[in-house]
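Report on one structure; see the data block that follows.
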Amino acid sequence: MYANALFDFIESSPAAPVALQTVTKRLEKAGYKRASEAEVATLAEGKYYFVRGGASLIAITLPSAPKRAVIAAAHLDSPALRVKEGASRVGAYASVPVERYGGPILYSWFDRPLSVAGRVMLSAEGGVEERTVNVDRALAYIPNPGLQAPNNAATGATFNMAKDMLPLLSVGGTERDLLSAVAASLGVDADRIVSHDLFFYVRERGTAVGKEGEMLLCPRLDDLACAFAATEAFLTAKPCDTLQVLALFDHEEIGSATERGADSAFLSDILSPFMRAGGASFFESSLLVSADNAHAVHPNHPELSDKADTPIMGSGIAIKWSASHSYATDARSAAVFRAVCEKASVPVQVYQNRADIRGGSTLGTIADTHLGILAVDIGIPQLAMHAAVESCARADVTAMVNALRASLEARIVRTDSGYAIG
């Protein structure tokens, strides 16, 4: 149902600042107005969104007297290669120095068409100007070391970021510097670029594969698939007496501890006035649903998964658990979320990492540290997480949209013995 819309969303969102623009265009088309954080406590009933750091966003559908908040959260950044400050390396070949952003699987980036997107700061009269950019053409690629190298990808080599992962920009053309290409796409002189946050990304459009097209093969499914689903659910949720919240963060892939990450006060700054006004009942009946993809059992390597607690692609979304609380889920939040999904006829699975293999983490626990409300981590089961191209099931994207929409519409009430869910 959502495959082409998801591919469009991901294609138009190659880096977090550009992804934010993709989302804000949809919000504004649906009647949401940008507001400043200083206005939160004085806002009347309506539709609003807030931006921090040019790459994180919180949108709210505010009823006249909200009884609780339900937050659908995801992140807009993906593992990538960040362009380092400084000129390209020019010799017989023109290459671009990069550094690892997050945890990309490096060998999967070889021999793929790459482009550049992100943000640049331009000199302007009286100050500087901020612009987002997406060059959006096959600009470079990283040549595989090939059989000449004694330790190639086939032998499981560890690649050197400073030597092996330099995108090749030119072999003698006139465009020998990356920033000149960026400037040309913006229609400005290259010498106006003062600084930049630029990332190489895989310039491939998603495609449906499988006997019945039931699997989706696409770059940046982690976590743009969940960001897409959260946005879709938020925009199609029926308004009720719940403060419905869409929270999309930058910098999850590098730990979230930035001014606009999930470990910032951004979310609590927006929600605090409503929590204070609503009192204990508002606080106790609120829910954070953190959506970030989960590892599906691998068809060729099932031994990497826990036999009982690893989801299968196409069988529903995964509730993510961890004894270390790297995922926010506990018995209460899992039970409430399961009840919401059951009411909406959304299939649910369980993800727990194999006990002798180190697991991952996401933004749920980090964000909830600042809120202290009921919180659950969920995800779309996928394969090849952090590879240049990842895969998931078409049906699970639909399940995620439906689960998040049902959560946003849920009327959760804390009772003496548990929770009532209307």
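In the structure tokens, the first chain shown is A, the next is B, and so on; residue numbers restart at 1 for each chain, and ligands run from 1 in the order shown.
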Exercise for review: Please provide as an NGL selection string all residues within 10 Å of Ala183 of chain A, with the sequence filter that same-chain residues fewer than 2 positions apart are discarded (counting only C-alpha atoms).
Suggested key: :A and (120 or 122 or 133 or 135 or 178-181 or 185-193)
Check your understanding: Excluding same-chain residues fewer than 6 positions from His386 of chain A, what lies within 9 Å of it counting only C-alpha atoms, as a PyMOL selection string?
Key -> chain A and resi 78-80+102-105+220-222
Practice item. List every residue of segment 290-390 of chain A that DSSP, applied to the backbone, labels as strand (DSSP E or B), and write the result as a PyMOL selection string. Key: chain A and resi 290-291+294-295+317-321+348-352+374-379+381-383+390
Counting only C-alpha atoms, which residues in segment 347-412 of chain A sit no more than 12 Å from segment 53-66 of chain A? For each one, give the nearest pair of atoms and the distance in Å, sorted by chain then residue number, as a tab-separated table.
```
residue	atom	partner	partner_atom	distance
A:Leu408	CA	A:Thr61	CA	10.1
A:Glu409	CA	A:Thr61	CA	11.2
A:Arg411	CA	A:Pro66	CA	10.6
A:Ile412	CA	A:Pro66	CA	11.8
```
Practice item. Could you give me, as a PyMOL selection string, the residues within 12 Å of Val96 of chain A, counting only C-alpha atoms and dropping anything in the same chain fewer than 5 positions from it? Key: chain A and resi 81-91+114-116+139-142+161-170+176-179+198-200
**Study point:** Minimum-distance residue to Leu76 of chain A, chosen among A:Gly213, A:Gly46, A:Pro143, A:Pro14 (using only C-alpha atoms)
**Key:**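 The shortest atom-to-atom distance to Leu76 of chain A comes from A:Pro14.
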